[in-house]
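What follows is my_file_33.csv (CSV, N, CA and C atoms).
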chain,number,residue,atom,x,y,z
A,6,MET,N,56.6,113.6,125.6
A,6,MET,CA,58.0,114.1,125.6
A,6,MET,C,58.2,114.8,124.3
A,7,GLU,N,58.8,116.0,124.4
A,7,GLU,CA,59.0,116.8,123.2
A,7,GLU,C,60.3,116.2,122.4
A,8,LYS,N,60.1,116.1,121.1
A,8,LYS,CA,61.3,115.7,120.3
A,8,LYS,C,62.1,116.9,119.9
A,9,VAL,N,63.4,116.7,119.6
A,9,VAL,CA,64.2,117.7,119.2
A,9,VAL,C,63.9,118.0,117.7
A,10,ASP,N,64.3,119.2,117.2
A,10,ASP,CA,64.0,119.5,115.8
A,10,ASP,C,64.9,118.7,114.9
A,11,GLN,N,64.3,117.6,114.5
A,11,GLN,CA,65.1,116.6,113.7
A,11,GLN,C,65.4,117.1,112.3
A,12,ALA,N,64.8,118.2,111.9
A,12,ALA,CA,65.1,118.7,110.6
A,12,ALA,C,66.5,119.2,110.5
A,13,LEU,N,67.1,119.6,111.7
A,13,LEU,CA,68.4,120.1,111.8
A,13,LEU,C,69.5,119.1,112.2
A,14,LEU,N,69.0,117.8,112.5
A,14,LEU,CA,69.9,116.8,112.9
A,14,LEU,C,69.9,115.6,112.0
A,15,ASP,N,70.9,114.8,112.2
A,15,ASP,CA,71.1,113.6,111.4
A,15,ASP,C,71.1,112.4,112.4
A,16,ARG,N,70.9,111.2,111.8
A,16,ARG,CA,70.8,110.0,112.7
A,16,ARG,C,72.0,109.2,112.4
A,17,ILE,N,72.7,108.9,113.5
A,17,ILE,CA,73.8,108.0,113.5
A,17,ILE,C,73.3,106.8,114.3
A,18,PHE,N,73.5,105.6,113.7
A,18,PHE,CA,72.8,104.4,114.3
A,18,PHE,C,73.8,103.3,114.6
A,19,ILE,N,73.5,102.5,115.6
A,19,ILE,CA,74.2,101.3,116.0
A,19,ILE,C,73.1,100.2,116.0
A,20,LYS,N,73.3,99.3,115.1
A,20,LYS,CA,72.2,98.3,114.8
A,20,LYS,C,72.6,96.9,115.2
A,21,ASP,N,71.7,96.3,116.0
A,21,ASP,CA,71.9,94.9,116.4
A,21,ASP,C,73.2,94.6,117.1
A,22,LEU,N,73.5,95.4,118.1
A,22,LEU,CA,74.7,95.2,118.9
A,22,LEU,C,74.4,94.1,119.9
A,23,LEU,N,75.0,93.0,119.8
A,23,LEU,CA,74.7,91.8,120.6
A,23,LEU,C,75.8,91.6,121.7
A,24,VAL,N,75.4,91.7,122.9
A,24,VAL,CA,76.3,91.6,124.1
A,24,VAL,C,75.8,90.6,125.1
A,25,ARG,N,76.7,89.9,125.8
A,25,ARG,CA,76.2,89.0,126.8
A,25,ARG,C,76.4,89.7,128.2
A,26,GLY,N,75.3,89.6,128.9
A,26,GLY,CA,75.3,90.2,130.2
A,26,GLY,C,74.3,89.6,131.2
A,27,ILE,N,74.4,90.1,132.5
A,27,ILE,CA,73.5,89.6,133.5
A,27,ILE,C,72.4,90.6,133.6
A,28,ILE,N,71.2,90.2,133.3
A,28,ILE,CA,70.0,91.1,133.4
A,28,ILE,C,68.8,90.2,133.6
A,29,GLY,N,67.9,90.6,134.5
A,29,GLY,CA,66.7,89.8,134.8
A,29,GLY,C,66.4,89.7,136.3
A,30,VAL,N,65.2,89.2,136.6
A,30,VAL,CA,64.8,89.0,138.0
A,30,VAL,C,64.8,87.6,138.4
A,31,ASN,N,64.8,86.6,137.5
A,31,ASN,CA,64.8,85.2,137.9
A,31,ASN,C,66.1,84.8,138.4
A,32,PRO,N,66.2,83.8,139.3
A,32,PRO,CA,67.4,83.3,139.9
A,32,PRO,C,68.5,82.9,138.8
A,33,ASP,N,68.0,82.2,137.8
A,33,ASP,CA,69.0,81.8,136.8
A,33,ASP,C,69.5,83.0,136.0
A,34,GLU,N,68.7,84.1,135.8
A,34,GLU,CA,69.2,85.2,135.1
A,34,GLU,C,70.2,86.1,135.9
A,35,ARG,N,70.2,85.8,137.2
A,35,ARG,CA,71.2,86.6,138.1
A,35,ARG,C,72.6,85.9,138.1
A,36,ILE,N,72.7,84.7,137.5
A,36,ILE,CA,74.0,84.1,137.5
A,36,ILE,C,74.5,83.7,136.1
A,37,ASN,N,73.6,83.5,135.2
A,37,ASN,CA,73.9,83.1,133.8
A,37,ASN,C,73.8,84.3,132.8
A,38,ARG,N,74.9,84.6,132.1
A,38,ARG,CA,74.9,85.6,131.1
A,38,ARG,C,73.9,85.2,130.0
A,39,GLN,N,73.2,86.2,129.5
A,39,GLN,CA,72.4,86.0,128.3
A,39,GLN,C,72.6,87.1,127.3
A,40,ASP,N,72.1,86.8,126.1
A,40,ASP,CA,72.2,87.8,125.0
A,40,ASP,C,71.3,89.0,125.3
A,41,VAL,N,71.9,90.2,125.1
A,41,VAL,CA,71.2,91.4,125.2
A,41,VAL,C,71.5,92.1,123.8
A,42,LEU,N,70.4,92.5,123.2
A,42,LEU,CA,70.5,93.1,121.9
A,42,LEU,C,70.1,94.6,122.0
A,43,VAL,N,71.1,95.5,121.5
A,43,VAL,CA,70.9,96.9,121.6
A,43,VAL,C,70.9,97.6,120.2
A,44,ASN,N,69.9,98.4,120.1
A,44,ASN,CA,69.8,99.3,118.9
A,44,ASN,C,69.8,100.7,119.4
A,45,ALA,N,70.6,101.6,118.8
A,45,ALA,CA,70.6,103.0,119.2
A,45,ALA,C,70.6,103.9,118.0
A,46,THR,N,69.8,104.9,118.1
A,46,THR,CA,69.8,106.0,117.1
A,46,THR,C,70.2,107.3,117.8
A,47,LEU,N,71.3,107.9,117.4
A,47,LEU,CA,71.8,109.1,118.0
A,47,LEU,C,71.6,110.3,117.1
A,48,TRP,N,70.8,111.3,117.5
A,48,TRP,CA,70.6,112.5,116.7
A,48,TRP,C,71.7,113.5,117.0
A,49,ALA,N,72.4,113.9,115.9
A,49,ALA,CA,73.5,114.9,116.0
A,49,ALA,C,73.6,115.6,114.7
A,50,ASP,N,74.2,116.8,114.7
A,50,ASP,CA,74.5,117.5,113.5
A,50,ASP,C,75.8,117.0,112.9
A,51,THR,N,75.8,116.4,111.7
A,51,THR,CA,77.0,115.8,111.1
A,51,THR,C,77.5,116.7,109.9
A,52,ARG,N,77.0,117.9,109.8
A,52,ARG,CA,77.4,118.7,108.6
A,52,ARG,C,78.8,119.1,108.7
A,53,THR,N,79.4,119.4,109.8
A,53,THR,CA,80.8,119.7,109.9
A,53,THR,C,81.7,118.5,109.4
A,54,ALA,N,81.3,117.3,109.9
A,54,ALA,CA,82.1,116.1,109.5
A,54,ALA,C,81.9,115.8,108.0
A,55,GLY,N,80.7,116.1,107.5
A,55,GLY,CA,80.5,115.9,106.1
A,55,GLY,C,81.3,116.8,105.2
A,56,ALA,N,81.6,118.0,105.7
A,56,ALA,CA,82.5,118.9,105.0
A,56,ALA,C,84.0,118.6,105.2
A,57,SER,N,84.4,118.2,106.4
A,57,SER,CA,85.8,118.1,106.8
A,57,SER,C,86.3,116.7,106.5
A,58,ASP,N,85.5,115.7,106.5
A,58,ASP,CA,85.9,114.3,106.4
A,58,ASP,C,86.8,113.9,107.5
A,59,ASN,N,86.6,114.4,108.7
A,59,ASN,CA,87.4,114.2,109.9
A,59,ASN,C,86.6,113.6,111.0
A,60,VAL,N,87.0,112.4,111.5
A,60,VAL,CA,86.2,111.7,112.5
A,60,VAL,C,86.1,112.5,113.8
A,61,THR,N,87.0,113.4,114.1
A,61,THR,CA,86.9,114.2,115.3
A,61,THR,C,85.7,115.3,115.2
A,62,ASP,N,85.2,115.4,114.1
A,62,ASP,CA,84.1,116.4,113.9
A,62,ASP,C,82.7,115.7,113.9
A,63,THR,N,82.7,114.5,114.4
A,63,THR,CA,81.4,113.8,114.5
A,63,THR,C,81.3,112.9,115.7
A,64,VAL,N,80.2,112.3,116.0
A,64,VAL,CA,80.0,111.3,117.0
A,64,VAL,C,80.6,110.0,116.5
A,65,ASN,N,81.6,109.5,117.3
A,65,ASN,CA,82.3,108.3,116.9
A,65,ASN,C,81.4,107.1,117.4
A,66,TYR,N,80.8,106.4,116.4
A,66,TYR,CA,79.9,105.3,116.8
A,66,TYR,C,80.7,104.2,117.4
A,67,PHE,N,82.0,104.0,117.1
A,67,PHE,CA,82.8,102.9,117.7
A,67,PHE,C,83.0,103.2,119.2
A,68,THR,N,83.2,104.5,119.5
A,68,THR,CA,83.4,104.9,120.9
A,68,THR,C,82.1,104.6,121.7
A,69,VAL,N,81.0,105.0,121.1
A,69,VAL,CA,79.7,104.8,121.8
A,69,VAL,C,79.4,103.3,122.0
A,70,ALA,N,79.6,102.5,120.9
A,70,ALA,CA,79.4,101.1,121.0
A,70,ALA,C,80.2,100.4,122.0
A,71,THR,N,81.5,100.8,122.1
A,71,THR,CA,82.4,100.2,123.0
A,71,THR,C,82.0,100.5,124.5
A,72,ALA,N,81.5,101.7,124.7
A,72,ALA,CA,81.0,102.1,126.0
A,72,ALA,C,79.8,101.3,126.4
A,73,ILE,N,78.9,101.1,125.4
A,73,ILE,CA,77.7,100.3,125.7
A,73,ILE,C,78.1,98.8,126.0
A,74,ILE,N,79.0,98.2,125.3
A,74,ILE,CA,79.4,96.9,125.5
A,74,ILE,C,80.0,96.8,126.9
A,75,GLU,N,80.9,97.7,127.3
A,75,GLU,CA,81.6,97.6,128.6
A,75,GLU,C,80.6,97.7,129.7
A,76,HIS,N,79.6,98.6,129.5
A,76,HIS,CA,78.6,98.8,130.6
A,76,HIS,C,77.8,97.5,130.8
A,77,ILE,N,77.3,96.9,129.7
A,77,ILE,CA,76.5,95.7,129.8
A,77,ILE,C,77.3,94.6,130.4
A,78,GLU,N,78.6,94.5,130.1
A,78,GLU,CA,79.4,93.4,130.6
A,78,GLU,C,79.7,93.5,132.1
A,79,ARG,N,79.7,94.8,132.6
A,79,ARG,CA,80.1,95.0,134.0
A,79,ARG,C,79.0,95.2,135.0
A,80,THR,N,77.8,95.5,134.5
A,80,THR,CA,76.7,95.8,135.4
A,80,THR,C,75.7,94.6,135.4
A,81,THR,N,74.8,94.7,136.4
A,81,THR,CA,73.9,93.5,136.6
A,81,THR,C,72.5,94.1,136.9
A,82,PRO,N,71.8,94.8,136.1
A,82,PRO,CA,70.5,95.4,136.4
A,82,PRO,C,69.4,94.3,136.4
A,83,TYR,N,68.4,94.5,137.1
A,83,TYR,CA,67.2,93.6,137.1
A,83,TYR,C,66.3,93.8,135.9
A,84,LEU,N,66.2,95.1,135.5
A,84,LEU,CA,65.2,95.4,134.5
A,84,LEU,C,65.8,96.0,133.2
A,85,VAL,N,65.2,95.7,132.0
A,85,VAL,CA,65.6,96.3,130.8
A,85,VAL,C,65.4,97.8,130.9
A,86,GLU,N,64.4,98.3,131.6
A,86,GLU,CA,64.1,99.7,131.8
A,86,GLU,C,65.3,100.4,132.4
A,87,LYS,N,65.9,99.8,133.4
A,87,LYS,CA,67.1,100.4,134.1
A,87,LYS,C,68.3,100.4,133.2
A,88,LEU,N,68.5,99.3,132.5
A,88,LEU,CA,69.6,99.2,131.5
A,88,LEU,C,69.5,100.2,130.4
A,89,ALA,N,68.3,100.4,129.8
A,89,ALA,CA,68.1,101.4,128.8
A,89,ALA,C,68.3,102.8,129.3
A,90,ALA,N,67.8,103.1,130.5
A,90,ALA,CA,68.0,104.4,131.0
A,90,ALA,C,69.5,104.7,131.3
A,91,ASP,N,70.2,103.7,131.8
A,91,ASP,CA,71.6,103.9,132.0
A,91,ASP,C,72.4,104.1,130.7
A,92,LEU,N,72.0,103.3,129.7
A,92,LEU,CA,72.7,103.4,128.4
A,92,LEU,C,72.5,104.7,127.7
A,93,VAL,N,71.3,105.3,127.9
A,93,VAL,CA,71.0,106.6,127.3
A,93,VAL,C,71.9,107.7,128.0
A,94,GLN,N,72.0,107.6,129.3
A,94,GLN,CA,72.9,108.6,130.0
A,94,GLN,C,74.3,108.4,129.6
A,95,LEU,N,74.7,107.2,129.5
A,95,LEU,CA,76.1,106.9,129.0
A,95,LEU,C,76.4,107.5,127.7
A,96,CYS,N,75.4,107.3,126.7
A,96,CYS,CA,75.6,107.9,125.4
A,96,CYS,C,75.7,109.4,125.4
A,97,PHE,N,74.9,110.0,126.2
A,97,PHE,CA,74.9,111.5,126.3
A,97,PHE,C,76.3,111.9,126.9
A,98,ALA,N,76.8,111.2,127.9
A,98,ALA,CA,78.1,111.5,128.5
A,98,ALA,C,79.2,111.3,127.6
A,99,THR,N,79.1,110.3,126.6
A,99,THR,CA,80.2,110.0,125.7
A,99,THR,C,80.5,111.1,124.7
A,100,ASP,N,79.4,111.9,124.3
A,100,ASP,CA,79.6,112.9,123.3
A,100,ASP,C,78.6,114.0,123.5
A,101,GLN,N,79.0,115.2,123.7
A,101,GLN,CA,78.1,116.3,124.0
A,101,GLN,C,77.3,116.7,122.7
A,102,ARG,N,77.7,116.3,121.5
A,102,ARG,CA,77.0,116.6,120.3
A,102,ARG,C,75.7,115.8,120.1
A,103,ILE,N,75.6,114.7,120.9
A,103,ILE,CA,74.3,113.9,120.8
A,103,ILE,C,73.2,114.7,121.4
A,104,GLN,N,72.2,115.0,120.7
A,104,GLN,CA,71.1,115.8,121.2
A,104,GLN,C,69.8,115.0,121.5
A,105,ALA,N,69.7,113.8,121.0
A,105,ALA,CA,68.6,112.9,121.3
A,105,ALA,C,69.0,111.5,121.0
A,106,ILE,N,68.3,110.6,121.7
A,106,ILE,CA,68.7,109.2,121.6
A,106,ILE,C,67.4,108.4,121.6
A,107,GLU,N,67.3,107.5,120.6
A,107,GLU,CA,66.2,106.4,120.7
A,107,GLU,C,67.0,105.1,120.9
A,108,LEU,N,66.7,104.4,121.9
A,108,LEU,CA,67.5,103.2,122.3
A,108,LEU,C,66.6,102.0,122.6
A,109,SER,N,66.9,100.9,122.1
A,109,SER,CA,66.1,99.7,122.4
A,109,SER,C,67.0,98.6,123.0
A,110,VAL,N,66.5,98.0,124.1
A,110,VAL,CA,67.2,96.9,124.7
A,110,VAL,C,66.2,95.7,124.6
A,111,GLU,N,66.8,94.6,124.1
A,111,GLU,CA,66.0,93.4,123.9
A,111,GLU,C,66.7,92.2,124.5
A,112,LYS,N,65.8,91.2,125.0
A,112,LYS,CA,66.3,90.0,125.5
A,112,LYS,C,65.8,88.9,124.6
A,113,PRO,N,66.5,88.4,123.6
A,113,PRO,CA,66.0,87.5,122.6
A,113,PRO,C,65.5,86.2,123.1
A,114,ALA,N,66.1,85.7,124.2
A,114,ALA,CA,65.7,84.3,124.7
A,114,ALA,C,64.8,84.4,125.9
A,115,ALA,N,64.2,85.5,126.3
A,115,ALA,CA,63.5,85.6,127.5
A,115,ALA,C,62.2,84.9,127.6
A,116,VAL,N,61.5,84.9,126.5
A,116,VAL,CA,60.1,84.4,126.5
A,116,VAL,C,60.0,83.3,125.4
A,117,PRO,N,59.6,82.1,125.8
A,117,PRO,CA,59.4,81.0,124.8
A,117,PRO,C,58.5,81.4,123.7
A,118,PHE,N,58.8,81.0,122.5
A,118,PHE,CA,58.0,81.2,121.3
A,118,PHE,C,58.0,82.7,120.9
A,119,ALA,N,58.7,83.6,121.5
A,119,ALA,CA,58.9,84.9,121.1
A,119,ALA,C,60.3,85.1,120.6
A,120,ARG,N,60.5,85.8,119.4
A,120,ARG,CA,61.8,86.0,118.9
A,120,ARG,C,62.6,86.9,119.9
A,121,SER,N,61.9,87.9,120.5
A,121,SER,CA,62.6,88.8,121.4
A,121,SER,C,61.5,89.6,122.2
A,122,VAL,N,61.9,90.1,123.4
A,122,VAL,CA,61.1,91.0,124.2
A,122,VAL,C,62.0,92.2,124.6
A,123,GLY,N,61.4,93.3,124.8
A,123,GLY,CA,62.3,94.4,125.2
A,123,GLY,C,61.6,95.7,125.4
A,124,LEU,N,62.3,96.8,125.2
A,124,LEU,CA,61.8,98.1,125.4
A,124,LEU,C,62.6,99.1,124.5
A,125,THR,N,61.8,100.1,124.1
A,125,THR,CA,62.4,101.2,123.3
A,125,THR,C,62.1,102.5,124.1
A,126,ILE,N,63.2,103.4,124.3
A,126,ILE,CA,62.9,104.7,124.9
A,126,ILE,C,63.5,105.8,124.0
A,127,TYR,N,63.0,106.9,124.2
A,127,TYR,CA,63.5,108.1,123.4
A,127,TYR,C,63.7,109.2,124.5
A,128,ARG,N,64.9,109.8,124.4
A,128,ARG,CA,65.2,110.9,125.4
A,128,ARG,C,66.0,112.0,124.6
A,129,THR,N,65.7,113.2,125.0
A,129,THR,CA,66.5,114.3,124.5
A,129,THR,C,67.4,114.8,125.6
A,130,ARG,N,68.5,115.4,125.2
A,130,ARG,CA,69.6,115.9,126.1
A,130,ARG,C,69.0,116.8,127.2
A,131,ASP,N,68.1,117.7,126.8
A,131,ASP,CA,67.6,118.7,127.7
A,131,ASP,C,66.6,118.1,128.7
A,132,LYS,N,66.0,116.9,128.4
A,132,LYS,CA,65.0,116.3,129.3
A,132,LYS,C,65.5,115.0,130.0
A,133,ALA,N,66.8,114.7,129.7
A,133,ALA,CA,67.3,113.4,130.2
A,133,ALA,C,67.6,113.4,131.7

Show how you would write the structure in this file as structure tokens.
Amino acid sequence: MEKVDQALLDRIFIKDLLVRGIIGVNPDERINRQDVLVNATLWADTRTAGASDNVTDTVNYFTVATAIIEHIERTTPYLVEKLAADLVQLCFATDQRIQAIELSVEKPAAVPFARSVGLTIYRTRDKA
């Protein structure tokens, strides 16, 4: 997959967003909420905001994080792959200035003796 020209873009990140949701294939995972850890890097041009000092000139990370939280709390996917794909689409829909996204979804308690398991995906707006 081709990456966007990152020389012209900046990275806005949401780090270690911990949300409780229903995700998984096992019977207990279908009824018991568990921790879901999300990390997102959003590539966008922040030069206008850097000059104006106005939040309307940039991707609002609070708005994106709130949308992610609400999505995880109301949906019940079986796979982290599905959740990650949905969250990427949600981020793109939240702000047209986002040109690329790298997003990780982790299940910290899914595998005994592992700190976490999960998936990281990278998508560009034109290929999403």

Checklist entry - Which of these residues is nearest to Thr63 (chain A), using all atoms listed in the file: A:Arg38, A:Arg79, A:Arg102, A:Lys132? => result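 Of all the options, A:Arg102 lies closest to Thr63 (chain A).
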
Checklist entry - Of the residues A:Ala56, A:Ile17, A:Leu22, A:Val69, which is the one nearest to Leu95 (chain A), using only N, CA and C atoms? => result A:Val69

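Ranking A:Ala133, A:Ile103, A:Ala98, A:Ile126 by their shortest atom-to-atom distance to Asp50 (chain A), with all atoms listed in the file included, puts A:Ile103 first.
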
Checklist entry - Running DSSP on the backbone, which parts of chain A land in alpha helix (DSSP H), as number ranges by chain? => result A: 52-57, 66-79, 85-99

Output N, CA and C atoms for every residue in that selection, as a compact mmCIF listing (two decimals), in the frame of the given file.
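Output saved as out-v9.txt:
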# COMPACT_ATOMS: atom_id res chain seq x y z
N ARG A 52 77.00 117.90 109.80
CA ARG A 52 77.40 118.70 108.60
C ARG A 52 78.80 119.10 108.70
N THR A 53 79.40 119.40 109.80
CA THR A 53 80.80 119.70 109.90
C THR A 53 81.70 118.50 109.40
N ALA A 54 81.30 117.30 109.90
CA ALA A 54 82.10 116.10 109.50
C ALA A 54 81.90 115.80 108.00
N GLY A 55 80.70 116.10 107.50
CA GLY A 55 80.50 115.90 106.10
C GLY A 55 81.30 116.80 105.20
N ALA A 56 81.60 118.00 105.70
CA ALA A 56 82.50 118.90 105.00
C ALA A 56 84.00 118.60 105.20
N SER A 57 84.40 118.20 106.40
CA SER A 57 85.80 118.10 106.80
C SER A 57 86.30 116.70 106.50
N TYR A 66 80.80 106.40 116.40
CA TYR A 66 79.90 105.30 116.80
C TYR A 66 80.70 104.20 117.40
N PHE A 67 82.00 104.00 117.10
CA PHE A 67 82.80 102.90 117.70
C PHE A 67 83.00 103.20 119.20
N THR A 68 83.20 104.50 119.50
CA THR A 68 83.40 104.90 120.90
C THR A 68 82.10 104.60 121.70
N VAL A 69 81.00 105.00 121.10
CA VAL A 69 79.70 104.80 121.80
C VAL A 69 79.40 103.30 122.00
N ALA A 70 79.60 102.50 120.90
CA ALA A 70 79.40 101.10 121.00
C ALA A 70 80.20 100.40 122.00
N THR A 71 81.50 100.80 122.10
CA THR A 71 82.40 100.20 123.00
C THR A 71 82.00 100.50 124.50
N ALA A 72 81.50 101.70 124.70
CA ALA A 72 81.00 102.10 126.00
C ALA A 72 79.80 101.30 126.40
N ILE A 73 78.90 101.10 125.40
CA ILE A 73 77.70 100.30 125.70
C ILE A 73 78.10 98.80 126.00
N ILE A 74 79.00 98.20 125.30
CA ILE A 74 79.40 96.90 125.50
C ILE A 74 80.00 96.80 126.90
N GLU A 75 80.90 97.70 127.30
CA GLU A 75 81.60 97.60 128.60
C GLU A 75 80.60 97.70 129.70
N HIS A 76 79.60 98.60 129.50
CA HIS A 76 78.60 98.80 130.60
C HIS A 76 77.80 97.50 130.80
N ILE A 77 77.30 96.90 129.70
CA ILE A 77 76.50 95.70 129.80
C ILE A 77 77.30 94.60 130.40
N GLU A 78 78.60 94.50 130.10
CA GLU A 78 79.40 93.40 130.60
C GLU A 78 79.70 93.50 132.10
N ARG A 79 79.70 94.80 132.60
CA ARG A 79 80.10 95.00 134.00
C ARG A 79 79.00 95.20 135.00
N VAL A 85 65.20 95.70 132.00
CA VAL A 85 65.60 96.30 130.80
C VAL A 85 65.40 97.80 130.90
N GLU A 86 64.40 98.30 131.60
CA GLU A 86 64.10 99.70 131.80
C GLU A 86 65.30 100.40 132.40
N LYS A 87 65.90 99.80 133.40
CA LYS A 87 67.10 100.40 134.10
C LYS A 87 68.30 100.40 133.20
N LEU A 88 68.50 99.30 132.50
CA LEU A 88 69.60 99.20 131.50
C LEU A 88 69.50 100.20 130.40
N ALA A 89 68.30 100.40 129.80
CA ALA A 89 68.10 101.40 128.80
C ALA A 89 68.30 102.80 129.30
N ALA A 90 67.80 103.10 130.50
CA ALA A 90 68.00 104.40 131.00
C ALA A 90 69.50 104.70 131.30
N ASP A 91 70.20 103.70 131.80
CA ASP A 91 71.60 103.90 132.00
C ASP A 91 72.40 104.10 130.70
N LEU A 92 72.00 103.30 129.70
CA LEU A 92 72.70 103.40 128.40
C LEU A 92 72.50 104.70 127.70
N VAL A 93 71.30 105.30 127.90
CA VAL A 93 71.00 106.60 127.30
C VAL A 93 71.90 107.70 128.00
N GLN A 94 72.00 107.60 129.30
CA GLN A 94 72.90 108.60 130.00
C GLN A 94 74.30 108.40 129.60
N LEU A 95 74.70 107.20 129.50
CA LEU A 95 76.10 106.90 129.00
C LEU A 95 76.40 107.50 127.70
N CYS A 96 75.40 107.30 126.70
CA CYS A 96 75.60 107.90 125.40
C CYS A 96 75.70 109.40 125.40
N PHE A 97 74.90 110.00 126.20
CA PHE A 97 74.90 111.50 126.30
C PHE A 97 76.30 111.90 126.90
N ALA A 98 76.80 111.20 127.90
CA ALA A 98 78.10 111.50 128.50
C ALA A 98 79.20 111.30 127.60
N THR A 99 79.10 110.30 126.60
CA THR A 99 80.20 110.00 125.70
C THR A 99 80.50 111.10 124.70

Item to check | Nearest candidate to Ile73 (chain A) (options A:Val30, A:Val116, A:Val24, A:Ala49; using only C-alpha atoms) | outcome: A:Val24

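Candidate residues A:Glu78, A:Asp100, A:Asp58, A:Glu111 were compared for distance to Asp40 (chain A), and the nearest is A:Glu111, using only N, CA and C atoms.
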
Checklist entry - Among chain A, which residues carry a DSSP assignment of strand (DSSP E or B), reported as a ChimeraX atom specification? => result /A:15-26,39-49,105-112,122-129

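Between atom C of Val85 (chain A) and atom N of Ala12 (chain A) the separation is 27.9 Å.
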
Item to check | Separation of CA of Leu13 (chain A) from CA of Val93 (chain A), in Å and rounded to one decimal | outcome: 20.7 Å

Next on the checklist: Would you compute the distance between CA of His76 (chain A) and CA of Leu14 (chain A)? Give it in Å to one decimal.
Outcome noted: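 Interatomic distance, CA of His76 (chain A) to CA of Leu14 (chain A): 26.7 Å.
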
Next on the checklist: Would you pick out the contacts of Asn44 (chain A) at 12 Å or less, using only C-alpha atoms, so that residues sharing its chain but fewer than 4 positions from it are not included, and give the list as a list of chain:residue names?
Outcome noted: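 Using only C-alpha atoms, the neighbours found are A:Ile17, A:Phe18, A:Ile19, A:Lys20, A:Asp21, A:Leu22, A:Leu23, A:Val24, A:Tyr66, A:Val69, A:Ala70, A:Ile73, A:Ile74, A:Ala89, A:Leu92, A:Val93, A:Ile106, A:Glu107, A:Leu108, A:Ser109, A:Val110, A:Glu111, A:Lys112, A:Gly123, A:Leu124, A:Thr125, A:Ile126, A:Tyr127.
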
Around all listed atoms of region 47-60 of chain A, padded 6 Å per side, what centre and edge lengths does the axis-aligned box have in Å to one decimal, as lines of an AutoDock Vina configuration file?
center_x = 79.0
center_y = 113.8
center_z = 111.5
size_x = 28.8
size_y = 23.8
size_z = 25.0

Item to check | Shortest interatomic distance to Arg16 (chain A) - which of A:Leu47, A:Leu88, A:Val60, A:Ile77, counting only C-alpha atoms | outcome: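 Using only C-alpha atoms, the shortest distance to Arg16 (chain A) belongs to A:Leu47.
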